[in-house]
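Content type PDB, C-alpha atoms, from the file target.pdb:
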ATOM      1  CA  MET A   1      -1.214  17.517   3.385
ATOM      2  CA  PRO A   2       1.536  15.704   5.331
ATOM      3  CA  ALA A   3       1.435  15.817   9.103
ATOM      4  CA  ASP A   4       2.555  18.822  11.093
ATOM      5  CA  THR A   5       5.917  18.468  12.805
ATOM      6  CA  ALA A   6       8.053  20.054  15.491
ATOM      7  CA  ALA A   7      11.684  21.109  15.199
ATOM      8  CA  ALA A   8      14.337  18.618  16.214
ATOM      9  CA  ASN A   9      17.421  19.289  18.309
ATOM     10  CA  GLY A  10      19.548  16.341  17.381
ATOM     11  CA  PRO A  11      18.609  12.642  17.338
ATOM     12  CA  ALA A  12      15.984  11.473  19.755
ATOM     13  CA  ASP A  13      16.739   9.176  22.665
ATOM     14  CA  THR A  14      14.459   6.278  21.800
ATOM     15  CA  GLY A  15      14.421   5.179  25.398
ATOM     16  CA  THR A  16      12.855   8.373  26.735
ATOM     17  CA  THR A  17      11.300  10.240  23.810
ATOM     18  CA  LEU A  18       7.650   9.562  23.103
ATOM     19  CA  PHE A  19       6.985   7.782  19.824
ATOM     20  CA  SER A  20       4.848  10.637  18.455
ATOM     21  CA  ALA A  21       7.672  13.091  19.188
ATOM     22  CA  ARG A  22      10.205  10.828  17.474
ATOM     23  CA  ILE A  23       8.063  10.796  14.334
ATOM     24  CA  ARG A  24       7.649  14.565  14.376
ATOM     25  CA  GLU A  25      11.352  15.170  14.931
ATOM     26  CA  ALA A  26      12.445  12.724  12.249
ATOM     27  CA  SER A  27      10.105  14.232   9.663
ATOM     28  CA  TRP A  28      10.805  17.896  10.417
ATOM     29  CA  SER A  29      13.156  18.449   7.490
ATOM     30  CA  ARG A  30      10.692  16.796   5.085
ATOM     31  CA  HIS A  31       7.937  19.043   6.376
ATOM     32  CA  GLN A  32      10.140  22.095   5.913
ATOM     33  CA  GLY A  33      10.854  21.035   2.350
ATOM     34  CA  LEU A  34       7.140  21.035   1.486
ATOM     35  CA  ASP A  35       6.253  24.204   3.384
ATOM     36  CA  PRO A  36       6.364  27.197   0.992
ATOM     37  CA  SER A  37       7.191  29.538   3.859
ATOM     38  CA  ALA A  38       9.945  27.379   5.340
ATOM     39  CA  ASP A  39      12.839  29.088   3.569
ATOM     40  CA  ALA A  40      12.011  32.567   2.377
ATOM     41  CA  ASP A  41      15.488  33.011   0.871
ATOM     42  CA  ALA A  42      15.375  29.896  -1.295
ATOM     43  CA  ILE A  43      15.323  30.467  -5.050
ATOM     44  CA  LYS A  44      12.622  28.297  -6.566
ATOM     45  CA  ALA A  45       9.686  28.513  -8.915
ATOM     46  CA  PRO A  46       6.371  28.978  -7.086
ATOM     47  CA  GLY A  47       4.733  25.601  -6.550
ATOM     48  CA  VAL A  48       1.189  24.482  -5.828
ATOM     49  CA  PHE A  49       1.261  25.614  -2.194
ATOM     50  CA  ASP A  50       2.842  28.970  -3.003
ATOM     51  CA  ARG A  51       0.373  29.658  -5.787
ATOM     52  CA  LEU A  52      -2.597  28.679  -3.634
ATOM     53  CA  PHE A  53      -1.581  31.031  -0.866
ATOM     54  CA  ASP A  54      -0.735  33.995  -3.097
ATOM     55  CA  GLY A  55      -3.987  33.581  -5.021
ATOM     56  CA  SER A  56      -2.427  32.799  -8.416
ATOM     57  CA  LEU A  57      -3.295  29.093  -8.581
ATOM     58  CA  SER A  58      -5.979  28.660 -11.245
ATOM     59  CA  VAL A  59      -9.096  26.751 -10.311
ATOM     60  CA  GLY A  60      -8.161  24.266 -13.049
ATOM     61  CA  ASP A  61      -4.795  23.509 -11.453
ATOM     62  CA  TYR A  62      -6.416  23.412  -8.022
ATOM     63  CA  THR A  63      -8.831  20.822  -9.409
ATOM     64  CA  ARG A  64      -6.001  18.753 -10.890
ATOM     65  CA  TRP A  65      -4.263  18.774  -7.509
ATOM     66  CA  HIS A  66      -7.503  17.751  -5.799
ATOM     67  CA  ALA A  67      -7.895  14.905  -8.279
ATOM     68  CA  GLN A  68      -4.466  13.465  -7.486
ATOM     69  CA  GLN A  69      -5.309  13.456  -3.797
ATOM     70  CA  TYR A  70      -8.380  11.370  -4.571
ATOM     71  CA  PHE A  71      -6.243   8.391  -5.567
ATOM     72  CA  VAL A  72      -4.060   8.649  -2.461
ATOM     73  CA  TYR A  73      -6.975   8.758  -0.039
ATOM     74  CA  GLU A  74      -8.787   6.009  -1.902
ATOM     75  CA  ALA A  75      -5.798   3.755  -1.217
ATOM     76  CA  ILE A  76      -5.448   4.790   2.435
ATOM     77  CA  GLU A  77      -9.146   4.316   3.126
ATOM     78  CA  ALA A  78      -9.224   0.938   1.424
ATOM     79  CA  ALA A  79      -6.458  -0.035   3.863
ATOM     80  CA  ALA A  80      -8.481   1.444   6.735
ATOM     81  CA  ALA A  81     -11.354  -0.885   5.896
ATOM     82  CA  ARG A  82      -8.997  -3.861   6.027
ATOM     83  CA  PHE A  83      -7.481  -2.832   9.362
ATOM     84  CA  ALA A  84     -10.615  -1.606  11.138
ATOM     85  CA  ASP A  85     -10.625  -4.600  13.506
ATOM     86  CA  ASP A  86      -6.872  -5.000  13.771
ATOM     87  CA  PRO A  87      -5.647  -4.719  17.384
ATOM     88  CA  VAL A  88      -2.660  -2.571  16.368
ATOM     89  CA  ALA A  89      -3.921  -0.443  13.469
ATOM     90  CA  GLY A  90      -7.614  -0.460  14.391
ATOM     91  CA  PRO A  91      -7.329   2.299  17.015
ATOM     92  CA  PHE A  92      -6.124   4.634  14.230
ATOM     93  CA  VAL A  93      -9.128   4.015  11.975
ATOM     94  CA  PHE A  94     -11.497   6.914  12.600
ATOM     95  CA  PRO A  95     -14.614   7.162  10.417
ATOM     96  CA  GLU A  96     -14.662  10.914  10.995
ATOM     97  CA  LEU A  97     -11.341  11.234   9.171
ATOM     98  CA  ALA A  98     -12.533   9.644   5.908
ATOM     99  CA  ARG A  99     -11.904  12.029   3.015
ATOM    100  CA  VAL A 100     -12.962  10.124  -0.097
ATOM    101  CA  PRO A 101     -16.672  11.093   0.027
ATOM    102  CA  ALA A 102     -15.714  14.761   0.434
ATOM    103  CA  ILE A 103     -13.209  14.641  -2.431
ATOM    104  CA  GLU A 104     -15.801  12.961  -4.648
ATOM    105  CA  ALA A 105     -18.315  15.706  -3.822
ATOM    106  CA  ASP A 106     -15.713  18.385  -4.533
ATOM    107  CA  LEU A 107     -14.728  16.857  -7.867
ATOM    108  CA  GLN A 108     -18.345  16.550  -8.934
ATOM    109  CA  PHE A 109     -18.795  20.238  -8.103
ATOM    110  CA  LEU A 110     -15.585  21.227  -9.893
ATOM    111  CA  MET A 111     -15.825  18.910 -12.916
ATOM    112  CA  GLY A 112     -19.450  17.887 -13.236
ATOM    113  CA  PRO A 113     -21.112  14.459 -13.020
ATOM    114  CA  LYS A 114     -18.613  12.877 -15.429
ATOM    115  CA  TRP A 115     -15.626  13.797 -13.254
ATOM    116  CA  ARG A 116     -14.343  10.253 -12.888
ATOM    117  CA  SER A 117     -13.668  10.033 -16.625
ATOM    118  CA  GLY A 118     -11.468  13.129 -16.482
ATOM    119  CA  ILE A 119      -8.962  12.159 -13.807
ATOM    120  CA  GLU A 120      -6.008   9.827 -14.012
ATOM    121  CA  PRO A 121      -3.131   9.359 -11.564
ATOM    122  CA  LEU A 122       0.160  10.905 -12.571
ATOM    123  CA  PRO A 123       3.068   8.423 -12.650
ATOM    124  CA  GLU A 124       4.216   9.918  -9.334
ATOM    125  CA  THR A 125       0.762   9.454  -7.842
ATOM    126  CA  ARG A 126       0.631   5.892  -9.109
ATOM    127  CA  ALA A 127       3.980   5.191  -7.422
ATOM    128  CA  TYR A 128       2.626   6.680  -4.174
ATOM    129  CA  VAL A 129      -0.533   4.573  -4.343
ATOM    130  CA  ASP A 130       1.433   1.441  -5.203
ATOM    131  CA  ARG A 131       3.588   2.017  -2.136
ATOM    132  CA  ILE A 132       0.535   2.428   0.100
ATOM    133  CA  ASP A 133      -1.014  -0.737  -1.327
ATOM    134  CA  ALA A 134       2.183  -2.731  -0.875
ATOM    135  CA  VAL A 135       3.037  -1.636   2.638
ATOM    136  CA  THR A 136      -0.534  -1.960   3.940
ATOM    137  CA  ALA A 137      -1.092  -5.388   2.433
ATOM    138  CA  ASP A 138      -0.245  -7.125   5.713
ATOM    139  CA  TRP A 139       1.565  -4.649   7.959
ATOM    140  CA  PRO A 140      -0.477  -2.564  10.432
ATOM    141  CA  GLY A 141       2.416  -0.136  10.815
ATOM    142  CA  GLY A 142       2.141   0.734   7.143
ATOM    143  CA  TYR A 143      -1.389   1.970   7.595
ATOM    144  CA  ILE A 144      -0.436   3.894  10.732
ATOM    145  CA  ALA A 145       2.418   5.640   8.919
ATOM    146  CA  HIS A 146       0.421   6.744   5.883
ATOM    147  CA  ALA A 147      -2.737   7.644   7.816
ATOM    148  CA  TYR A 148      -0.746   9.715  10.302
ATOM    149  CA  THR A 149       1.131  11.563   7.566
ATOM    150  CA  ARG A 150      -1.981  12.585   5.682
ATOM    151  CA  TYR A 151      -4.730  13.050   8.244
ATOM    152  CA  LEU A 152      -2.857  14.946  10.929
ATOM    153  CA  GLY A 153      -1.593  17.206   8.192
ATOM    154  CA  ASP A 154      -5.143  17.801   7.012
ATOM    155  CA  LEU A 155      -6.118  18.822  10.519
ATOM    156  CA  SER A 156      -3.137  21.162  10.765
ATOM    157  CA  GLY A 157      -1.674  22.977   7.762
ATOM    158  CA  GLY A 158      -4.433  21.596   5.565
ATOM    159  CA  GLN A 159      -6.887  23.913   7.291
ATOM    160  CA  ALA A 160      -4.993  26.878   5.860
ATOM    161  CA  PHE A 161      -5.354  25.325   2.398
ATOM    162  CA  GLY A 162      -9.101  25.178   2.845
ATOM    163  CA  LYS A 163      -9.266  28.818   3.916
ATOM    164  CA  ALA A 164      -7.148  29.870   0.927
ATOM    165  CA  ALA A 165      -9.324  27.896  -1.502
ATOM    166  CA  ARG A 166     -12.503  29.415  -0.130
ATOM    167  CA  ARG A 167     -10.977  32.888  -0.275
ATOM    168  CA  ASN A 168      -9.521  32.533  -3.785
ATOM    169  CA  TYR A 169     -12.395  30.779  -5.527
ATOM    170  CA  GLY A 170     -15.407  31.895  -3.526
ATOM    171  CA  PHE A 171     -16.258  28.370  -2.388
ATOM    172  CA  GLU A 172     -18.767  28.109   0.434
ATOM    173  CA  ALA A 173     -18.670  24.363   1.012
ATOM    174  CA  ALA A 174     -18.463  22.332  -2.184
ATOM    175  CA  GLY A 175     -15.086  22.658  -3.801
ATOM    176  CA  ALA A 176     -13.230  22.732  -0.489
ATOM    177  CA  SER A 177     -15.281  20.319   1.624
ATOM    178  CA  PHE A 178     -12.229  18.026   1.653
ATOM    179  CA  TYR A 179     -10.785  20.306   4.341
ATOM    180  CA  GLU A 180     -13.882  20.238   6.545
ATOM    181  CA  PHE A 181     -14.091  17.729   9.403
ATOM    182  CA  ALA A 182     -17.642  18.255  10.584
ATOM    183  CA  ASP A 183     -17.492  15.432  13.141
ATOM    184  CA  ILE A 184     -14.287  16.643  14.783
ATOM    185  CA  LYS A 185     -15.243  19.497  17.085
ATOM    186  CA  SER A 186     -11.724  20.221  18.340
ATOM    187  CA  PRO A 187      -8.870  19.394  15.940
ATOM    188  CA  LYS A 188      -6.387  20.177  18.725
ATOM    189  CA  ALA A 189      -7.974  17.681  21.127
ATOM    190  CA  PHE A 190      -8.287  15.101  18.358
ATOM    191  CA  LYS A 191      -4.602  15.389  17.442
ATOM    192  CA  GLU A 192      -3.620  15.071  21.099
ATOM    193  CA  GLU A 193      -5.648  11.865  21.379
ATOM    194  CA  TYR A 194      -4.152  10.550  18.136
ATOM    195  CA  ARG A 195      -0.608  11.177  19.386
ATOM    196  CA  SER A 196      -1.463   9.572  22.702
ATOM    197  CA  ARG A 197      -2.490   6.434  20.840
ATOM    198  CA  LEU A 198       0.768   6.552  18.892
ATOM    199  CA  ASP A 199       2.728   6.720  22.124
ATOM    200  CA  GLY A 200       0.932   3.654  23.438
ATOM    201  CA  VAL A 201       0.827   1.593  20.240
ATOM    202  CA  ASP A 202       1.804  -2.048  20.613
ATOM    203  CA  LEU A 203       4.733  -2.135  18.203
ATOM    204  CA  ALA A 204       8.207  -3.516  18.783
ATOM    205  CA  GLU A 205      11.080  -1.036  18.476
ATOM    206  CA  ALA A 206      12.035  -2.407  15.064
ATOM    207  CA  ASP A 207       8.500  -1.778  13.817
ATOM    208  CA  ARG A 208       8.475   1.715  15.322
ATOM    209  CA  ALA A 209      11.669   2.546  13.472
ATOM    210  CA  ARG A 210      10.097   1.140  10.318
ATOM    211  CA  VAL A 211       7.004   3.331  10.810
ATOM    212  CA  ILE A 212       9.229   6.392  11.033
ATOM    213  CA  GLU A 213      10.990   5.434   7.806
ATOM    214  CA  GLU A 214       7.613   4.920   6.129
ATOM    215  CA  VAL A 215       6.450   8.361   7.230
ATOM    216  CA  LEU A 216       9.554   9.844   5.607
ATOM    217  CA  LEU A 217       8.838   7.879   2.443
ATOM    218  CA  ALA A 218       5.252   9.164   2.434
ATOM    219  CA  TYR A 219       6.623  12.701   2.558
ATOM    220  CA  ASP A 220       8.925  11.937  -0.359
ATOM    221  CA  HIS A 221       6.080  10.536  -2.434
ATOM    222  CA  ASN A 222       3.913  13.530  -1.648
ATOM    223  CA  GLY A 223       6.751  15.836  -2.636
ATOM    224  CA  ALA A 224       7.163  14.021  -5.948
ATOM    225  CA  VAL A 225       3.453  14.453  -6.749
ATOM    226  CA  LEU A 226       3.574  18.150  -5.893
ATOM    227  CA  ALA A 227       6.688  18.606  -8.026
ATOM    228  CA  ALA A 228       4.999  16.936 -10.994
ATOM    229  CA  LEU A 229       1.919  19.104 -10.555
ATOM    230  CA  GLY A 230       4.148  22.157 -10.273
ATOM    231  CA  GLU A 231       5.743  21.412 -13.628
ATOM    232  CA  GLY A 232       2.319  21.441 -15.262
ATOM    233  CA  LEU A 233       0.928  24.632 -13.754
ATOM    234  CA  ASP A 234      -0.818  26.884 -16.286
ATOM    235  CA  ARG A 235      -0.024  24.506 -19.147
ATOM    236  CA  ASN A 236      -3.482  23.098 -19.847
ATOM    237  CA  PRO A 237      -5.837  25.560 -21.573
ATOM    238  CA  PHE A 238      -8.802  23.247 -21.073
ATOM    239  CA  GLU A 239     -10.860  23.277 -17.900
ATOM    240  CA  PRO A 240     -11.043  19.920 -16.079
ATOM    241  CA  LYS A 241     -14.814  19.903 -16.646
ATOM    242  CA  VAL A 242     -14.237  19.994 -20.422
ATOM    243  CA  VAL A 243     -11.635  17.235 -20.236
ATOM    244  CA  ALA A 244     -13.969  15.042 -18.179
ATOM    245  CA  ALA A 245     -16.891  15.520 -20.567
ATOM    246  CA  ILE A 246     -14.907  14.723 -23.705
ATOM    247  CA  CYS A 247     -13.129  11.739 -22.160
ATOM    248  CA  HIS A 248     -16.455  10.365 -20.953
ATOM    249  CA  HIS A 249     -17.967  10.813 -24.404
ATOM    250  CA  MET A 250     -15.047   9.070 -26.123
ATOM    251  CA  ASN A 251     -14.939   6.180 -23.685
ATOM    252  CA  THR A 252     -18.703   5.686 -23.547
ATOM    253  CA  ASP A 253     -19.825   6.402 -27.101
ATOM    254  CA  HIS A 254     -16.664   5.924 -29.149
ATOM    255  CA  ALA A 255     -14.652   3.219 -27.413
ATOM    256  CA  ALA A 256     -13.956   1.453 -30.729
ATOM    257  CA  ASP A 257     -12.737   4.694 -32.297
ATOM    258  CA  THR A 258     -10.481   5.326 -29.307
ATOM    259  CA  LEU A 259      -8.929   1.899 -29.798
ATOM    260  CA  VAL A 260      -8.328   2.641 -33.493
ATOM    261  CA  ILE A 261      -6.533   5.872 -32.599
ATOM    262  CA  CYS A 262      -4.310   4.111 -30.090
ATOM    263  CA  ARG A 263      -3.494   1.291 -32.495
ATOM    264  CA  GLY A 264      -2.837   3.695 -35.364
ATOM    265  CA  ALA A 265      -1.581   7.119 -34.308
ATOM    266  CA  GLY A 266      -0.559   5.761 -30.916
ATOM    267  CA  GLY A 267       1.494   2.959 -32.438
ATOM    268  CA  ARG A 268       0.064   0.279 -30.137
ATOM    269  CA  ARG A 269      -1.053  -2.266 -32.729
ATOM    270  CA  ASP A 270      -1.286  -4.884 -29.985
ATOM    271  CA  ALA A 271      -3.745  -2.958 -27.805
ATOM    272  CA  ALA A 272      -6.805  -4.959 -26.767
ATOM    273  CA  THR A 273      -8.759  -2.055 -25.276
ATOM    274  CA  ALA A 274      -8.205   1.665 -24.908
ATOM    275  CA  ARG A 275      -9.623   4.627 -23.075
ATOM    276  CA  MET A 276      -8.979   8.335 -23.207
ATOM    277  CA  THR A 277      -7.588   9.622 -19.911
ATOM    278  CA  GLY A 278      -7.034  13.307 -20.622
ATOM    279  CA  PHE A 279      -5.724  15.936 -23.001
ATOM    280  CA  ASP A 280      -4.136  19.363 -23.076
ATOM    281  CA  GLY A 281      -3.173  21.882 -25.715
ATOM    282  CA  GLU A 282      -0.403  19.704 -27.135
ATOM    283  CA  GLY A 283      -1.960  16.266 -27.310
ATOM    284  CA  ALA A 284      -4.177  13.537 -25.880
ATOM    285  CA  ASP A 285      -3.465  10.824 -23.324
ATOM    286  CA  PHE A 286      -4.804   7.302 -23.419
ATOM    287  CA  ALA A 287      -4.447   4.063 -21.487
ATOM    288  CA  VAL A 288      -4.319   0.795 -23.411
ATOM    289  CA  VAL A 289      -4.378  -2.791 -22.230
ATOM    290  CA  VAL A 290      -1.736  -5.030 -23.805
ATOM    291  CA  ASP A 291      -1.354  -8.639 -22.667
ATOM    292  CA  GLY A 292      -3.412  -7.877 -19.577
ATOM    293  CA  ALA A 293      -1.302  -4.912 -18.479
ATOM    294  CA  GLU A 294      -2.185  -1.248 -18.812
ATOM    295  CA  ALA A 295       0.183   1.162 -20.532
ATOM    296  CA  ALA A 296       0.066   4.881 -21.215
ATOM    297  CA  VAL A 297      -0.105   6.288 -24.750
ATOM    298  CA  ARG A 298       0.439   9.913 -25.740
ATOM    299  CA  VAL A 299      -0.687  11.199 -29.136
ATOM    300  CA  GLU A 300       0.299  14.715 -30.180
ATOM    301  CA  TRP A 301      -2.120  17.034 -31.976
ATOM    302  CA  ALA A 302      -1.162  18.232 -35.458
ATOM    303  CA  ALA A 303      -0.976  21.767 -34.028
ATOM    304  CA  PRO A 304      -1.561  23.284 -30.574
ATOM    305  CA  LEU A 305      -5.208  23.575 -29.515
ATOM    306  CA  SER A 306      -6.728  26.093 -27.154
ATOM    307  CA  GLU A 307     -10.502  25.957 -27.722
ATOM    308  CA  ARG A 308     -12.984  23.196 -27.013
ATOM    309  CA  ALA A 309     -14.384  23.458 -30.545
ATOM    310  CA  GLU A 310     -10.969  22.481 -31.937
ATOM    311  CA  VAL A 311     -10.819  19.146 -30.133
ATOM    312  CA  ARG A 312     -13.489  17.214 -32.032
ATOM    313  CA  PRO A 313     -12.079  17.892 -35.530
ATOM    314  CA  GLU A 314      -8.628  16.875 -34.333
ATOM    315  CA  ILE A 315      -9.925  13.620 -32.853
ATOM    316  CA  VAL A 316     -11.799  12.915 -36.107
ATOM    317  CA  ARG A 317      -8.562  13.512 -38.029
ATOM    318  CA  LEU A 318      -6.639  11.138 -35.771
ATOM    319  CA  PHE A 319      -9.303   8.465 -36.170
ATOM    320  CA  THR A 320      -9.533   8.854 -39.947
ATOM    321  CA  GLU A 321      -5.772   8.718 -40.467
ATOM    322  CA  SER A 322      -5.363   5.834 -38.018
ATOM    323  CA  LYS A 323      -8.094   3.815 -39.697
ATOM    324  CA  ALA A 324      -6.518   4.368 -43.122
ATOM    325  CA  THR A 325      -3.091   3.327 -41.833
ATOM    326  CA  LEU A 326      -4.418   0.155 -40.262
ATOM    327  CA  LEU A 327      -6.408  -0.761 -43.408
ATOM    328  CA  ASP A 328      -3.329  -0.252 -45.601
ATOM    329  CA  GLU A 329      -1.267  -2.481 -43.328
ATOM    330  CA  ALA A 330      -3.993  -5.145 -43.391
ATOM    331  CA  ARG A 331      -4.057  -5.134 -47.209
ATOM    332  CA  GLU A 332      -0.266  -5.457 -47.405
ATOM    333  CA  SER A 333      -0.078  -8.352 -44.947
TER
END
Would you write the structure of this file as structure tokens?
Amino acid sequence: MPADTAAANGPADTGTTLFSARIREASWSRHQGLDPSADADAIKAPGVFDRLFDGSLSVGDYTRWHAQQYFVYEAIEAAAARFADDPVAGPFVFPELARVPAIEADLQFLMGPKWRSGIEPLPETRAYVDRIDAVTADWPGGYIAHAYTRYLGDLSGGQAFGKAARRNYGFEAAGASFYEFADIKSPKAFKEEYRSRLDGVDLAEADRARVIEEVLLAYDHNGAVLAALGEGLDRNPFEPKVVAAICHHMNTDHAADTLVICRGAGGRRDAATARMTGFDGEGADFAVVVDGAEAAVRVEWAAPLSERAEVRPEIVRLFTESKATLLDEARES
């Protein structure tokens, strides 16, 4: 959840306005754009936030949203480890903010022990993660911008998300532990301390302006991920736990068969390796490695599927037909 913000009344005077206030003012419109209650008169399809709050977001779509957040926080917390001793970014690395262990516990609860096999970053999530990785490679301000945007949001509006998830799905702890900060006794006091550190951070004005721009970019990336998730709401008839189990089985026990499918039905004759990354009622998704680079492959089912029992026969068909195609091509060459 991006950071909470305060309304702006025109451009800030950088000479007198505190840095934390400048960030909040600059990002107000972005925050409003993500807030489902920001413009009650706007005509738009209900998104992830709207559906969570009105109770119509399925637990499957909630899980898929949770899974995308995993990749974002994994990148931010990898950067935190690099900057822990940095004189500029280090003061913003708080162990009590770390979310990855909680997300992992939630996903195991929601998807089972094979959860990691059933999640894959959306292209929009991958772009977000790539940006975090790039901007935190050697710039402390990059970490500050992305950590601020996510964590202060989690301590603010994110708390309402946790309450809604617990109310809608009956979670007690697991499933929504991502929103619990057991080691932060007073979120209000913590946020005040965080903003105080922002106001005193040792960054030149050019770097402060760059941090503000990075915060805005973080909002844009988050909005793109939410939009992509919104387009897929209610479209996958298979529970994430089912997807994880089947992907794990294919990638662990039938890796060679998966490669055959991607080379044949997937059209990637040059694939060196392949793994199944997910599926829905219309088809299956794979990732192949070609010349050292990973690429996505989508293979459509022969007809729409809606039951778990239908998946295995369709995968067998894809493998059988792919193998025959590849053998025929080998004979002709």
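Distance annotation: of A:Arg235, A:Lys114, A:Val242, A:Trp301, the residue with the minimal separation from Gly266 (chain A) is A:Trp301; atom set is all atoms listed in the file.
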Gly141 (chain A) environment, 12 Å, all atoms listed in the file, sequence neighbours closer than 6 positions dropped, as a PyMOL selection string: chain A and resi 79-80+83+86-92+132+134-135+147-148+198+201-215
Atom-to-atom span, CA of Asp133 (chain A) and CA of Arg64 (chain A), Å: 22.3 Å
If I wrap all listed atoms of region 288-301 of chain A in a box with edges along x, y and z and add 3 Å on each side, what are its centre and edge lengths in Å to one decimal, as lines of an AutoDock Vina configuration file?
center_x = -2.0
center_y = 4.2
center_z = -25.2
size_x = 10.8
size_y = 31.7
size_z = 19.5
Contact residues around region 272-274 of chain A with all atoms listed in the file at 10 Å, ignoring same-chain residues under 2 positions, as a compact mmCIF listing (two decimals) with C-alpha atoms, keeping the file's coordinate frame:
# COMPACT_ATOMS: atom_id res chain seq x y z
CA ASN A 251 -14.94 6.18 -23.68
CA ALA A 255 -14.65 3.22 -27.41
CA ALA A 256 -13.96 1.45 -30.73
CA ASP A 257 -12.74 4.69 -32.30
CA THR A 258 -10.48 5.33 -29.31
CA LEU A 259 -8.93 1.90 -29.80
CA VAL A 260 -8.33 2.64 -33.49
CA ILE A 261 -6.53 5.87 -32.60
CA CYS A 262 -4.31 4.11 -30.09
CA ARG A 263 -3.49 1.29 -32.49
CA ARG A 268 0.06 0.28 -30.14
CA ARG A 269 -1.05 -2.27 -32.73
CA ASP A 270 -1.29 -4.88 -29.98
CA MET A 276 -8.98 8.34 -23.21
CA THR A 277 -7.59 9.62 -19.91
CA PHE A 286 -4.80 7.30 -23.42
CA ALA A 287 -4.45 4.06 -21.49
CA VAL A 288 -4.32 0.80 -23.41
CA VAL A 289 -4.38 -2.79 -22.23
CA VAL A 290 -1.74 -5.03 -23.80
CA ASP A 291 -1.35 -8.64 -22.67
CA GLY A 292 -3.41 -7.88 -19.58
CA ALA A 293 -1.30 -4.91 -18.48
CA GLU A 294 -2.18 -1.25 -18.81
CA ALA A 295 0.18 1.16 -20.53
CA ALA A 296 0.07 4.88 -21.22
CA VAL A 297 -0.10 6.29 -24.75
Point (-2.4, 11.2, 2.3), cut-off 8 Å, counting all atoms listed in the file, residues as an NGL selection string: :A and (1-2 or 69 or 72-73 or 76 or 146-147 or 149-151 or 218 or 222)
Evaluate the PyMOL selection byres ((chain A and resi 61) around 9) and report residues as a PyMOL selection string: chain A and resi 48+57-60+62-66+229+232-234+236+239-240
With a distance cut-off of 7 Å and only C-alpha atoms, select the neighbouring residues of Ala244 (chain A), excluding the residue or stretch itself and same-chain residues fewer than 5 positions from it, and output the selection as a short mmCIF file (atom, residue, chain, number, x, y, z; two decimals) with C-alpha atoms, in the coordinates of the input.
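The file below, out-v9.cif, is the result:
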data_model
loop_
_atom_site.label_atom_id
_atom_site.label_comp_id
_atom_site.auth_asym_id
_atom_site.auth_seq_id
_atom_site.Cartn_x
_atom_site.Cartn_y
_atom_site.Cartn_z
CA MET A 111 -15.82 18.91 -12.92
CA LYS A 114 -18.61 12.88 -15.43
CA TRP A 115 -15.63 13.80 -13.25
CA SER A 117 -13.67 10.03 -16.62
CA GLY A 118 -11.47 13.13 -16.48
#
For Ala127 (chain A): contacts at 10 Å, only C-alpha atoms, fewer than 6 positions along chain excluded, given as JSON, numbers by chain: {"A": [121, 133, 221, 224, 225]}
Straight-line distance linking CA of Val243 (chain A) with CA of Asp220 (chain A), stated in Å to one decimal: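 Computing it gives 29.1 Å between the two atoms.
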